[in-house]
Every structure is written in structure tokens, then in C-alpha cells.
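Novice: Dropping the structure in here first, questions after.
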Amino acid sequence: MQRHPSHLANTASFAEAASAAASSLRGSKMRSFLTLLGIILATTTLIAVMSVINGMNKYIAQQVSDMGVDGFRVRRIIFIGNFDPKKFLEMQRRNPEMRRDEFQFIKDKAKLVREIGMEAFRSVIVKYGTQTLDWIQLNRSGVIAAT
């Protein structure tokens, strides 16, 4: 069986290209090393950034948000970092507690939510027999309305 001439031309051109590439790599070793180093660093950086983003997404989904990806919370005061008493008092003054009529307004106007709820936290004194505990955090939460 006789080979087609175009098949020989393709093989010869591939062999020539491979030979030229190998001689170029041998001829400029520093450039080849720097190119390879750049590719390795870029790939490593991309993998590291994607891993950090994926880890943050998993952390937020598991630790921060117990409502799933569609839920959100409106909080009166949020602290990030160290507790500062002056800042806390200023935030308490600036951000008053939500009243029932304000919650009712939000409940009536929010049409695209499945559930809406309200939480209340209070410090209470707990007594049992002769024992007393101060500053116990009591919270009450639940779904107030399902729309």
C-alpha cells in the first residue's frame, strides 16, 4: 500500500517543528526556565485563590448562615472586631429597637419572602430555690408569619 504524499508532508513538518522547538529550548535555557516558572506561579496562584473562595463559601454556608442561601437577617447592632463600649453605646442610641408596628409594616410589604420572623433577647434573673443567677440571656424566636 502506497502512502499519500500529503501524509509524508504532515509528518515531516511535525518532525521539523519538534526539532526546532527542542533546539530553541536548548539554546535559551534561561528564557525557558523563566517561562516555565511563570506558568507554574500563575497556575499555583489561580488554584490558591479558587481554594480560598471555595473555602469562604463553605464557611459562610455552614457557620454563618443557618438560613441557607436565600435567607438574610436584619440586625440592630453588628460588631466586627474588638468590643468597644463607647461604640456600642453610640450604636444603641443610633439604632433603636424594632417595634411590633415596624415589624408588621415589613411583613405586609415583603411579598417575595416565604417566611418572616422576629427575635427578642433579654437579660433576666433566674432563681431556683436559694440560688440566683444574674444576666442570663433569654431569647425568643420563631416564624411570625408565613407568606
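Naming scheme: A, B, ... for chains in displayed order of the C-alpha cells; residues 1 onward per chain; ligands 1 onward as shown.
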Which residues of segment 100-121 of chain A have any atom within 10 Å of an atom in segment 73-79 of chain A when counting only C-alpha atoms, and what is the closest pair of atoms for each, with the distance in Å to one decimal? Order the rows by chain and rising number and write it as a tab-separated table.
Specialist:
```
residue	atom	partner	partner_atom	distance
A:Ile116	CA	A:Arg73	CA	9.8
A:Gly117	CA	A:Arg73	CA	9.6
A:Met118	CA	A:Val74	CA	9.7
A:Glu119	CA	A:Arg75	CA	9.7
```
Novice: Using N, CA and C atoms, can you write the selected residues to a file as a PDB file, in the first residue's frame?
Specialist:
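The result, written out as selection13.pdb:
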```pdb
ATOM      1  N   ILE A 116     -41.097  35.116  57.510  1.00  0.00           N
ATOM      2  CA  ILE A 116     -40.529  36.291  58.152  1.00  0.00           C
ATOM      3  C   ILE A 116     -40.702  36.103  59.654  1.00  0.00           C
ATOM      4  N   GLY A 117     -39.681  36.451  60.412  1.00  0.00           N
ATOM      5  CA  GLY A 117     -39.749  36.234  61.848  1.00  0.00           C
ATOM      6  C   GLY A 117     -39.105  37.360  62.605  1.00  0.00           C
ATOM      7  N   MET A 118     -39.294  37.319  63.918  1.00  0.00           N
ATOM      8  CA  MET A 118     -38.747  38.351  64.782  1.00  0.00           C
ATOM      9  C   MET A 118     -38.138  37.655  65.990  1.00  0.00           C
ATOM     10  N   GLU A 119     -37.003  38.163  66.467  1.00  0.00           N
ATOM     11  CA  GLU A 119     -36.318  37.608  67.621  1.00  0.00           C
ATOM     12  C   GLU A 119     -36.222  38.658  68.703  1.00  0.00           C
TER      13      GLU A 119
END
```
Novice: Would you please give, as number ranges by chain, all residues of segment 17-147 of chain A that DSSP assigns to strand (DSSP E or B) based on the backbone?
Specialist: A: 115-128, 131-146
Novice: Atoms to include: C-alpha atoms. Write the selected residues as a JSON list (two decimals), in the first residue's frame.
Specialist:
```json
[["chain", "number", "residue", "atom", "x", "y", "z"],
["A", 115, "GLU", "CA", -41.15, 33.30, 55.95],
["A", 116, "ILE", "CA", -40.53, 36.29, 58.15],
["A", 117, "GLY", "CA", -39.75, 36.23, 61.85],
["A", 118, "MET", "CA", -38.75, 38.35, 64.78],
["A", 119, "GLU", "CA", -36.32, 37.61, 67.62],
["A", 120, "ALA", "CA", -36.15, 39.15, 71.06],
["A", 121, "PHE", "CA", -33.25, 38.97, 73.55],
["A", 122, "ARG", "CA", -33.48, 39.99, 77.16],
["A", 123, "SER", "CA", -31.25, 39.70, 80.22],
["A", 124, "VAL", "CA", -33.16, 38.07, 83.06],
["A", 125, "ILE", "CA", -32.61, 36.91, 86.61],
["A", 126, "VAL", "CA", -33.09, 33.18, 87.15],
["A", 127, "LYS", "CA", -33.96, 31.86, 90.61],
["A", 128, "TYR", "CA", -34.11, 28.26, 91.74],
["A", 131, "GLN", "CA", -29.74, 30.18, 94.13],
["A", 132, "THR", "CA", -29.87, 33.25, 91.90],
["A", 133, "LEU", "CA", -28.18, 33.92, 88.55],
["A", 134, "ASP", "CA", -27.99, 37.40, 87.03],
["A", 135, "TRP", "CA", -27.59, 38.46, 83.40],
["A", 136, "ILE", "CA", -28.92, 35.27, 81.85],
["A", 137, "GLN", "CA", -29.64, 35.75, 78.15],
["A", 138, "LEU", "CA", -33.20, 34.74, 77.29],
["A", 139, "ASN", "CA", -34.18, 34.70, 73.67],
["A", 140, "ARG", "CA", -37.43, 34.04, 71.96],
["A", 141, "SER", "CA", -37.56, 33.50, 68.25],
["A", 142, "GLY", "CA", -39.70, 31.89, 65.66],
["A", 143, "VAL", "CA", -41.56, 32.37, 62.46],
["A", 144, "ILE", "CA", -44.18, 35.00, 62.98],
["A", 145, "ALA", "CA", -45.76, 34.86, 59.58],
["A", 146, "ALA", "CA", -45.53, 32.65, 56.54]]
```
Novice: One decimal, Å: what's the distance from atom CA of Ala21 of chain A over to atom CA of Ile40 of chain A, could you say?
Specialist: 19.9 Å
Novice: Expressed in Å to a single decimal, how great is the separation between atom CA of Ile47 of chain A and atom CA of Tyr59 of chain A?
Specialist: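 Atom CA of Ile47 of chain A sits 18.1 Å away from atom CA of Tyr59 of chain A.
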